[in-house]
Amino acid sequence: MSRSERLLTLLQVLRRYRAPVTGHVLARDTGVSIRTLYRDIASLQAQGAAIEGEPGVGYVMKHSFMLPPMMFAAEELDALVLGTRLVAEQGDKGLAQGARTALDKISAVLPAELRRELDASALLVGAGRQGDTHAVDIDLLRRAIRSERKLRITYRTASGPVSQRTVWPYALVYFDLTRVLMCWCELRATFRNFRTDRIDASELLDERYPKNRQTLLMEWRRAEFVAGRSILPEADRR
């Protein structure tokens, strides 16, 4: 790794931490000796990087500090291109457009050499199997999750019965051929997961649910994931 690459890697690592982190942790994360780490910190500070701290106390970078033009390893660039192309090809309309726009923005800030690598990427996405059709607007489900608002849905179970639910959506799980909306269900007073292809109607309510989505996800993990249960069977429970 060249010195410039090493310094950029250190900036990227520092950006991940919001609290001061010790030099030994940074040295481990960047794969250098502690002496090299201290020299690199000093070099970045001399070049104007907004890094605060000192040996024995820890370091933190102000998050208002702008990083230099993006640099990626070959595998990182491949992952970005393939991931965004997969979403653009197989995601719903809103995500597909978001993936294309994100890739354009990344391309715009890459150095010329890496921009050429991105444009010439040989990682293509083939046609996959047709996924489930949806009566529900997936963009609306994502909007409900982001805004932490309640949804009123009409849900059809695998055996046919239809029910009306008011739910608190906190996550959307993407499988190859289906999607699952993870919620707290007011009717059952517990966590329930709903296959989106079985949601016949949905209405975004003005009312916010009383907990934030991160809290709901953590509570679900404790109640369900730790117990070793799968998301998909839960989606068919009434």
# chains A, B, ... in the order shown; residues from 1 in each chain; ligands from 1
$ select_by_dssp --residues "stretch 47-192 of chain A" --states "helix (DSSP H, G or I)" --output "PyMOL selection string"
chain A and resi 74-90+93-109+112-119+138-147
$ write_last_selection --atoms "C-alpha atoms" --output "PDB file, in the first residue's frame"
ATOM      1  CA  ALA A  74     -10.579  -2.958  -7.085  1.00  0.00           C
ATOM      2  CA  GLU A  75     -12.806  -5.246  -4.981  1.00  0.00           C
ATOM      3  CA  GLU A  76     -14.565  -2.259  -3.384  1.00  0.00           C
ATOM      4  CA  LEU A  77     -15.309  -0.735  -6.770  1.00  0.00           C
ATOM      5  CA  ASP A  78     -16.566  -4.089  -8.086  1.00  0.00           C
ATOM      6  CA  ALA A  79     -18.840  -4.444  -5.058  1.00  0.00           C
ATOM      7  CA  LEU A  80     -20.308  -0.966  -5.584  1.00  0.00           C
ATOM      8  CA  VAL A  81     -20.928  -1.510  -9.282  1.00  0.00           C
ATOM      9  CA  LEU A  82     -22.434  -4.978  -8.897  1.00  0.00           C
ATOM     10  CA  GLY A  83     -24.568  -4.003  -5.904  1.00  0.00           C
ATOM     11  CA  THR A  84     -26.014  -0.906  -7.527  1.00  0.00           C
ATOM     12  CA  ARG A  85     -26.635  -2.745 -10.804  1.00  0.00           C
ATOM     13  CA  LEU A  86     -28.447  -5.525  -8.961  1.00  0.00           C
ATOM     14  CA  VAL A  87     -30.707  -3.012  -7.231  1.00  0.00           C
ATOM     15  CA  ALA A  88     -31.240  -1.041 -10.449  1.00  0.00           C
ATOM     16  CA  GLU A  89     -32.240  -4.217 -12.285  1.00  0.00           C
ATOM     17  CA  GLN A  90     -34.207  -6.071  -9.626  1.00  0.00           C
ATOM     18  CA  LYS A  93     -39.004   1.591  -8.974  1.00  0.00           C
ATOM     19  CA  GLY A  94     -37.846   3.961  -6.230  1.00  0.00           C
ATOM     20  CA  LEU A  95     -34.817   1.899  -5.222  1.00  0.00           C
ATOM     21  CA  ALA A  96     -33.857   1.249  -8.853  1.00  0.00           C
ATOM     22  CA  GLN A  97     -33.757   4.971  -9.584  1.00  0.00           C
ATOM     23  CA  GLY A  98     -31.891   5.620  -6.334  1.00  0.00           C
ATOM     24  CA  ALA A  99     -29.233   3.039  -7.273  1.00  0.00           C
ATOM     25  CA  ARG A 100     -28.646   4.635 -10.688  1.00  0.00           C
ATOM     26  CA  THR A 101     -28.418   8.111  -9.179  1.00  0.00           C
ATOM     27  CA  ALA A 102     -26.040   6.946  -6.434  1.00  0.00           C
ATOM     28  CA  LEU A 103     -23.711   5.343  -8.971  1.00  0.00           C
ATOM     29  CA  ASP A 104     -23.713   8.549 -11.034  1.00  0.00           C
ATOM     30  CA  LYS A 105     -22.793  10.572  -7.936  1.00  0.00           C
ATOM     31  CA  ILE A 106     -19.983   8.181  -7.024  1.00  0.00           C
ATOM     32  CA  SER A 107     -18.670   8.300 -10.591  1.00  0.00           C
ATOM     33  CA  ALA A 108     -18.659  12.109 -10.533  1.00  0.00           C
ATOM     34  CA  VAL A 109     -16.248  12.321  -7.563  1.00  0.00           C
ATOM     35  CA  ALA A 112     -10.286   9.910 -13.718  1.00  0.00           C
ATOM     36  CA  GLU A 113      -8.512   6.539 -13.604  1.00  0.00           C
ATOM     37  CA  LEU A 114     -11.080   4.983 -11.277  1.00  0.00           C
ATOM     38  CA  ARG A 115     -13.943   6.548 -13.244  1.00  0.00           C
ATOM     39  CA  ARG A 116     -12.703   4.720 -16.323  1.00  0.00           C
ATOM     40  CA  GLU A 117     -12.537   1.486 -14.310  1.00  0.00           C
ATOM     41  CA  LEU A 118     -16.125   1.972 -13.145  1.00  0.00           C
ATOM     42  CA  ASP A 119     -17.442   2.737 -16.634  1.00  0.00           C
ATOM     43  CA  ILE A 138     -43.199  -0.655  -1.911  1.00  0.00           C
ATOM     44  CA  ASP A 139     -42.097   2.984  -1.906  1.00  0.00           C
ATOM     45  CA  LEU A 140     -44.944   3.710   0.521  1.00  0.00           C
ATOM     46  CA  LEU A 141     -43.754   0.938   2.846  1.00  0.00           C
ATOM     47  CA  ARG A 142     -40.249   2.353   2.895  1.00  0.00           C
ATOM     48  CA  ARG A 143     -41.649   5.825   3.527  1.00  0.00           C
ATOM     49  CA  ALA A 144     -43.621   4.519   6.510  1.00  0.00           C
ATOM     50  CA  ILE A 145     -40.449   2.959   7.947  1.00  0.00           C
ATOM     51  CA  ARG A 146     -38.380   6.126   7.479  1.00  0.00           C
ATOM     52  CA  SER A 147     -41.038   8.371   9.019  1.00  0.00           C
TER      53      SER A 147
END
$ residues_around --residues "stretch 156-173 of chain A" --least-positions-apart "6" --cutoff "7 Å" --atoms "only C-alpha atoms" --output "PyMOL selection string"
chain A and resi 144-145+149-150+179-187+198-199+209+213+216-217+236
$ write_last_selection --atoms "N, CA, C and O atoms" --output "PDB file, in the first residue's frame"
ATOM      1  N   ALA A 144     -43.069   4.732   5.168  1.00  0.00           N
ATOM      2  CA  ALA A 144     -43.621   4.519   6.510  1.00  0.00           C
ATOM      3  C   ALA A 144     -42.516   4.164   7.500  1.00  0.00           C
ATOM      4  O   ALA A 144     -42.512   4.639   8.644  1.00  0.00           O
ATOM      5  N   ILE A 145     -41.560   3.339   7.073  1.00  0.00           N
ATOM      6  CA  ILE A 145     -40.449   2.959   7.947  1.00  0.00           C
ATOM      7  C   ILE A 145     -39.590   4.173   8.275  1.00  0.00           C
ATOM      8  O   ILE A 145     -39.243   4.419   9.429  1.00  0.00           O
ATOM      9  N   ARG A 149     -44.179   5.913  10.955  1.00  0.00           N
ATOM     10  CA  ARG A 149     -45.619   6.124  11.034  1.00  0.00           C
ATOM     11  C   ARG A 149     -46.355   4.802  10.892  1.00  0.00           C
ATOM     12  O   ARG A 149     -45.865   3.852  10.273  1.00  0.00           O
ATOM     13  N   LYS A 150     -47.539   4.773  11.450  1.00  0.00           N
ATOM     14  CA  LYS A 150     -48.353   3.560  11.411  1.00  0.00           C
ATOM     15  C   LYS A 150     -48.917   3.329  10.007  1.00  0.00           C
ATOM     16  O   LYS A 150     -49.140   4.272   9.241  1.00  0.00           O
ATOM     17  N   ARG A 179     -40.543 -10.102  -0.611  1.00  0.00           N
ATOM     18  CA  ARG A 179     -40.124  -9.160   0.413  1.00  0.00           C
ATOM     19  C   ARG A 179     -41.015  -9.358   1.636  1.00  0.00           C
ATOM     20  O   ARG A 179     -42.174  -9.737   1.504  1.00  0.00           O
ATOM     21  N   VAL A 180     -40.469  -9.068   2.793  1.00  0.00           N
ATOM     22  CA  VAL A 180     -41.205  -9.246   4.045  1.00  0.00           C
ATOM     23  C   VAL A 180     -41.153  -7.948   4.839  1.00  0.00           C
ATOM     24  O   VAL A 180     -40.067  -7.412   5.094  1.00  0.00           O
ATOM     25  N   LEU A 181     -42.317  -7.443   5.199  1.00  0.00           N
ATOM     26  CA  LEU A 181     -42.430  -6.243   6.022  1.00  0.00           C
ATOM     27  C   LEU A 181     -42.478  -6.660   7.487  1.00  0.00           C
ATOM     28  O   LEU A 181     -43.355  -7.414   7.903  1.00  0.00           O
ATOM     29  N   MET A 182     -41.516  -6.174   8.268  1.00  0.00           N
ATOM     30  CA  MET A 182     -41.433  -6.514   9.686  1.00  0.00           C
ATOM     31  C   MET A 182     -42.127  -5.423  10.499  1.00  0.00           C
ATOM     32  O   MET A 182     -41.843  -4.233  10.316  1.00  0.00           O
ATOM     33  N   CYS A 183     -43.022  -5.828  11.397  1.00  0.00           N
ATOM     34  CA  CYS A 183     -43.883  -4.869  12.094  1.00  0.00           C
ATOM     35  C   CYS A 183     -44.178  -5.326  13.520  1.00  0.00           C
ATOM     36  O   CYS A 183     -44.042  -6.500  13.857  1.00  0.00           O
ATOM     37  N   TRP A 184     -44.654  -4.358  14.304  1.00  0.00           N
ATOM     38  CA  TRP A 184     -45.415  -4.655  15.514  1.00  0.00           C
ATOM     39  C   TRP A 184     -46.879  -4.561  15.129  1.00  0.00           C
ATOM     40  O   TRP A 184     -47.316  -3.578  14.541  1.00  0.00           O
ATOM     41  N   CYS A 185     -47.632  -5.621  15.410  1.00  0.00           N
ATOM     42  CA  CYS A 185     -49.040  -5.685  15.016  1.00  0.00           C
ATOM     43  C   CYS A 185     -49.920  -5.334  16.220  1.00  0.00           C
ATOM     44  O   CYS A 185     -49.861  -6.004  17.253  1.00  0.00           O
ATOM     45  N   GLU A 186     -50.741  -4.298  16.074  1.00  0.00           N
ATOM     46  CA  GLU A 186     -51.616  -3.903  17.178  1.00  0.00           C
ATOM     47  C   GLU A 186     -52.697  -4.947  17.437  1.00  0.00           C
ATOM     48  O   GLU A 186     -53.101  -5.157  18.583  1.00  0.00           O
ATOM     49  N   LEU A 187     -53.160  -5.634  16.390  1.00  0.00           N
ATOM     50  CA  LEU A 187     -54.203  -6.642  16.561  1.00  0.00           C
ATOM     51  C   LEU A 187     -53.725  -7.797  17.434  1.00  0.00           C
ATOM     52  O   LEU A 187     -54.441  -8.266  18.322  1.00  0.00           O
ATOM     53  N   ARG A 198     -48.775 -10.364  -0.305  1.00  0.00           N
ATOM     54  CA  ARG A 198     -50.076 -10.697   0.265  1.00  0.00           C
ATOM     55  C   ARG A 198     -50.750  -9.493   0.924  1.00  0.00           C
ATOM     56  O   ARG A 198     -51.799  -9.631   1.551  1.00  0.00           O
ATOM     57  N   ILE A 199     -50.134  -8.330   0.798  1.00  0.00           N
ATOM     58  CA  ILE A 199     -50.773  -7.095   1.267  1.00  0.00           C
ATOM     59  C   ILE A 199     -51.614  -6.558   0.117  1.00  0.00           C
ATOM     60  O   ILE A 199     -51.086  -6.091  -0.895  1.00  0.00           O
ATOM     61  N   TYR A 209     -45.778   5.896  15.414  1.00  0.00           N
ATOM     62  CA  TYR A 209     -45.840   4.894  16.467  1.00  0.00           C
ATOM     63  C   TYR A 209     -44.928   5.281  17.633  1.00  0.00           C
ATOM     64  O   TYR A 209     -44.004   6.092  17.464  1.00  0.00           O
ATOM     65  N   ARG A 213     -37.775   3.005  15.267  1.00  0.00           N
ATOM     66  CA  ARG A 213     -37.606   1.732  14.557  1.00  0.00           C
ATOM     67  C   ARG A 213     -36.381   0.959  15.031  1.00  0.00           C
ATOM     68  O   ARG A 213     -36.379  -0.269  15.019  1.00  0.00           O
ATOM     69  N   LEU A 216     -37.483  -0.994  18.062  1.00  0.00           N
ATOM     70  CA  LEU A 216     -38.316  -2.140  17.676  1.00  0.00           C
ATOM     71  C   LEU A 216     -37.461  -3.265  17.098  1.00  0.00           C
ATOM     72  O   LEU A 216     -37.689  -4.443  17.393  1.00  0.00           O
ATOM     73  N   LEU A 217     -36.494  -2.903  16.277  1.00  0.00           N
ATOM     74  CA  LEU A 217     -35.640  -3.933  15.681  1.00  0.00           C
ATOM     75  C   LEU A 217     -34.835  -4.652  16.761  1.00  0.00           C
ATOM     76  O   LEU A 217     -34.704  -5.887  16.732  1.00  0.00           O
ATOM     77  N   ASP A 236     -46.412 -15.960   7.770  1.00  0.00           N
ATOM     78  CA  ASP A 236     -47.665 -16.638   7.488  1.00  0.00           C
ATOM     79  C   ASP A 236     -48.538 -16.850   8.719  1.00  0.00           C
ATOM     80  O   ASP A 236     -49.612 -17.421   8.639  1.00  0.00           O
TER      81      ASP A 236
END
$ select_by_dssp --residues "stretch 4-235 of chain A" --states "strand (DSSP E or B)" --output "ChimeraX atom specification"
/A:21,51-54,58-61,149-156,162-174,179-185,190-195,199-208
$ closest_residue --among "A:Asp29, A:Gly126, A:Asn193, A:Val21" --to "A:Glu54" --atoms "only C-alpha atoms"
A:Val21
$ residues_around --residues "A:Leu10" --least-positions-apart "2" --cutoff "9 Å" --atoms "only C-alpha atoms" --output "PDB file with N, CA and C atoms, in the first residue's frame"
ATOM      1  N   GLU A   5      -2.368   6.003  -0.163  1.00  0.00           N
ATOM      2  CA  GLU A   5      -3.460   5.076   0.092  1.00  0.00           C
ATOM      3  C   GLU A   5      -3.606   4.811   1.587  1.00  0.00           C
ATOM      4  N   ARG A   6      -2.469   4.711   2.276  1.00  0.00           N
ATOM      5  CA  ARG A   6      -2.493   4.445   3.714  1.00  0.00           C
ATOM      6  C   ARG A   6      -3.142   5.608   4.468  1.00  0.00           C
ATOM      7  N   LEU A   7      -2.813   6.832   4.076  1.00  0.00           N
ATOM      8  CA  LEU A   7      -3.397   7.997   4.731  1.00  0.00           C
ATOM      9  C   LEU A   7      -4.894   8.094   4.459  1.00  0.00           C
ATOM     10  N   LEU A   8      -5.300   7.791   3.237  1.00  0.00           N
ATOM     11  CA  LEU A   8      -6.727   7.829   2.913  1.00  0.00           C
ATOM     12  C   LEU A   8      -7.486   6.759   3.684  1.00  0.00           C
ATOM     13  N   GLN A  12     -10.644   7.192   6.338  1.00  0.00           N
ATOM     14  CA  GLN A  12     -11.892   6.449   6.245  1.00  0.00           C
ATOM     15  C   GLN A  12     -12.192   5.715   7.557  1.00  0.00           C
ATOM     16  N   VAL A  13     -11.155   5.161   8.185  1.00  0.00           N
ATOM     17  CA  VAL A  13     -11.349   4.467   9.461  1.00  0.00           C
ATOM     18  C   VAL A  13     -11.778   5.458  10.540  1.00  0.00           C
ATOM     19  N   LEU A  14     -11.117   6.598  10.603  1.00  0.00           N
ATOM     20  CA  LEU A  14     -11.480   7.615  11.594  1.00  0.00           C
ATOM     21  C   LEU A  14     -12.919   8.082  11.416  1.00  0.00           C
ATOM     22  N   ARG A  15     -13.353   8.127  10.200  1.00  0.00           N
ATOM     23  CA  ARG A  15     -14.711   8.595   9.917  1.00  0.00           C
ATOM     24  C   ARG A  15     -15.768   7.651  10.504  1.00  0.00           C
ATOM     25  N   LEU A  26      -6.667   2.112  16.055  1.00  0.00           N
ATOM     26  CA  LEU A  26      -6.497   2.611  14.689  1.00  0.00           C
ATOM     27  C   LEU A  26      -5.381   1.874  13.959  1.00  0.00           C
ATOM     28  N   ALA A  27      -4.309   1.589  14.667  1.00  0.00           N
ATOM     29  CA  ALA A  27      -3.211   0.832  14.054  1.00  0.00           C
ATOM     30  C   ALA A  27      -3.677  -0.563  13.645  1.00  0.00           C
ATOM     31  N   ASP A  29      -6.809  -1.439  12.929  1.00  0.00           N
ATOM     32  CA  ASP A  29      -7.780  -1.327  11.843  1.00  0.00           C
ATOM     33  C   ASP A  29      -7.124  -1.011  10.502  1.00  0.00           C
ATOM     34  N   THR A  30      -6.005  -0.318  10.552  1.00  0.00           N
ATOM     35  CA  THR A  30      -5.344   0.064   9.301  1.00  0.00           C
ATOM     36  C   THR A  30      -4.174  -0.842   8.946  1.00  0.00           C
ATOM     37  N   LEU A  37       1.404   4.694  12.723  1.00  0.00           N
ATOM     38  CA  LEU A  37       0.097   5.334  12.937  1.00  0.00           C
ATOM     39  C   LEU A  37       0.284   6.752  13.465  1.00  0.00           C
ATOM     40  N   ASP A  40       1.460   8.987  10.721  1.00  0.00           N
ATOM     41  CA  ASP A  40       0.402   9.266   9.745  1.00  0.00           C
ATOM     42  C   ASP A  40      -0.601  10.276  10.297  1.00  0.00           C
ATOM     43  N   ILE A  41      -0.924  10.157  11.582  1.00  0.00           N
ATOM     44  CA  ILE A  41      -1.813  11.136  12.211  1.00  0.00           C
ATOM     45  C   ILE A  41      -1.201  12.533  12.117  1.00  0.00           C
TER      46      ILE A  41
END
$ decode --residues "stretch 163-233 of chain A" --atoms "C-alpha atoms" --output "PDB file, in the first residue's frame"
ATOM      1  CA  SER A 163     -57.723  -9.370   7.944  1.00  0.00           C
ATOM      2  CA  GLN A 164     -57.337  -5.651   8.632  1.00  0.00           C
ATOM      3  CA  ARG A 165     -54.256  -4.681  10.640  1.00  0.00           C
ATOM      4  CA  THR A 166     -52.739  -1.525  12.047  1.00  0.00           C
ATOM      5  CA  VAL A 167     -49.002  -2.067  12.226  1.00  0.00           C
ATOM      6  CA  TRP A 168     -45.781  -0.299  13.158  1.00  0.00           C
ATOM      7  CA  PRO A 169     -43.346  -1.070  10.283  1.00  0.00           C
ATOM      8  CA  TYR A 170     -39.668  -0.991  11.220  1.00  0.00           C
ATOM      9  CA  ALA A 171     -37.822  -3.049   8.575  1.00  0.00           C
ATOM     10  CA  LEU A 172     -38.218  -4.456   5.064  1.00  0.00           C
ATOM     11  CA  VAL A 173     -36.409  -7.705   4.230  1.00  0.00           C
ATOM     12  CA  TYR A 174     -35.499  -8.431   0.602  1.00  0.00           C
ATOM     13  CA  PHE A 175     -35.373 -12.088  -0.451  1.00  0.00           C
ATOM     14  CA  ASP A 176     -34.725 -13.327  -3.989  1.00  0.00           C
ATOM     15  CA  LEU A 177     -38.380 -13.619  -4.953  1.00  0.00           C
ATOM     16  CA  THR A 178     -40.297 -11.897  -2.200  1.00  0.00           C
ATOM     17  CA  ARG A 179     -40.124  -9.160   0.413  1.00  0.00           C
ATOM     18  CA  VAL A 180     -41.205  -9.246   4.045  1.00  0.00           C
ATOM     19  CA  LEU A 181     -42.430  -6.243   6.022  1.00  0.00           C
ATOM     20  CA  MET A 182     -41.433  -6.514   9.686  1.00  0.00           C
ATOM     21  CA  CYS A 183     -43.883  -4.869  12.094  1.00  0.00           C
ATOM     22  CA  TRP A 184     -45.415  -4.655  15.514  1.00  0.00           C
ATOM     23  CA  CYS A 185     -49.040  -5.685  15.016  1.00  0.00           C
ATOM     24  CA  GLU A 186     -51.616  -3.903  17.178  1.00  0.00           C
ATOM     25  CA  LEU A 187     -54.203  -6.642  16.561  1.00  0.00           C
ATOM     26  CA  ARG A 188     -51.948  -9.417  17.933  1.00  0.00           C
ATOM     27  CA  ALA A 189     -49.984  -7.180  20.323  1.00  0.00           C
ATOM     28  CA  THR A 190     -46.721  -8.761  19.218  1.00  0.00           C
ATOM     29  CA  PHE A 191     -44.219  -8.810  16.365  1.00  0.00           C
ATOM     30  CA  ARG A 192     -45.546 -10.020  13.015  1.00  0.00           C
ATOM     31  CA  ASN A 193     -43.962 -10.197   9.572  1.00  0.00           C
ATOM     32  CA  PHE A 194     -46.014  -9.811   6.401  1.00  0.00           C
ATOM     33  CA  ARG A 195     -45.152 -10.926   2.891  1.00  0.00           C
ATOM     34  CA  THR A 196     -45.646  -7.864   0.736  1.00  0.00           C
ATOM     35  CA  ASP A 197     -47.212  -9.850  -2.118  1.00  0.00           C
ATOM     36  CA  ARG A 198     -50.076 -10.697   0.265  1.00  0.00           C
ATOM     37  CA  ILE A 199     -50.773  -7.095   1.267  1.00  0.00           C
ATOM     38  CA  ASP A 200     -53.818  -6.217  -0.825  1.00  0.00           C
ATOM     39  CA  ALA A 201     -54.096  -2.603   0.352  1.00  0.00           C
ATOM     40  CA  SER A 202     -52.166  -0.168   2.531  1.00  0.00           C
ATOM     41  CA  GLU A 203     -52.747   3.292   3.964  1.00  0.00           C
ATOM     42  CA  LEU A 204     -50.091   5.475   5.548  1.00  0.00           C
ATOM     43  CA  LEU A 205     -51.535   7.001   8.715  1.00  0.00           C
ATOM     44  CA  ASP A 206     -50.606  10.389  10.149  1.00  0.00           C
ATOM     45  CA  GLU A 207     -49.948   8.912  13.592  1.00  0.00           C
ATOM     46  CA  ARG A 208     -46.372   8.058  14.515  1.00  0.00           C
ATOM     47  CA  TYR A 209     -45.840   4.894  16.467  1.00  0.00           C
ATOM     48  CA  PRO A 210     -44.594   5.311  20.053  1.00  0.00           C
ATOM     49  CA  LYS A 211     -41.153   3.705  19.679  1.00  0.00           C
ATOM     50  CA  ASN A 212     -38.414   4.381  17.161  1.00  0.00           C
ATOM     51  CA  ARG A 213     -37.606   1.732  14.557  1.00  0.00           C
ATOM     52  CA  GLN A 214     -34.165   0.962  15.971  1.00  0.00           C
ATOM     53  CA  THR A 215     -35.726   0.109  19.325  1.00  0.00           C
ATOM     54  CA  LEU A 216     -38.316  -2.140  17.676  1.00  0.00           C
ATOM     55  CA  LEU A 217     -35.640  -3.933  15.681  1.00  0.00           C
ATOM     56  CA  MET A 218     -33.567  -4.562  18.818  1.00  0.00           C
ATOM     57  CA  GLU A 219     -36.609  -5.839  20.688  1.00  0.00           C
ATOM     58  CA  TRP A 220     -37.476  -8.153  17.787  1.00  0.00           C
ATOM     59  CA  ARG A 221     -33.936  -9.521  17.757  1.00  0.00           C
ATOM     60  CA  ARG A 222     -34.186 -10.353  21.413  1.00  0.00           C
ATOM     61  CA  ALA A 223     -37.641 -11.911  21.075  1.00  0.00           C
ATOM     62  CA  GLU A 224     -37.279 -13.757  17.783  1.00  0.00           C
ATOM     63  CA  PHE A 225     -33.789 -13.945  16.329  1.00  0.00           C
ATOM     64  CA  VAL A 226     -32.149 -15.113  19.533  1.00  0.00           C
ATOM     65  CA  ALA A 227     -34.770 -17.852  19.682  1.00  0.00           C
ATOM     66  CA  GLY A 228     -33.603 -19.073  16.268  1.00  0.00           C
ATOM     67  CA  ARG A 229     -36.860 -18.408  14.464  1.00  0.00           C
ATOM     68  CA  SER A 230     -37.021 -17.625  10.752  1.00  0.00           C
ATOM     69  CA  ILE A 231     -38.634 -14.543   9.276  1.00  0.00           C
ATOM     70  CA  LEU A 232     -40.537 -16.339   6.519  1.00  0.00           C
ATOM     71  CA  PRO A 233     -42.640 -18.763   8.625  1.00  0.00           C
TER      72      PRO A 233
END
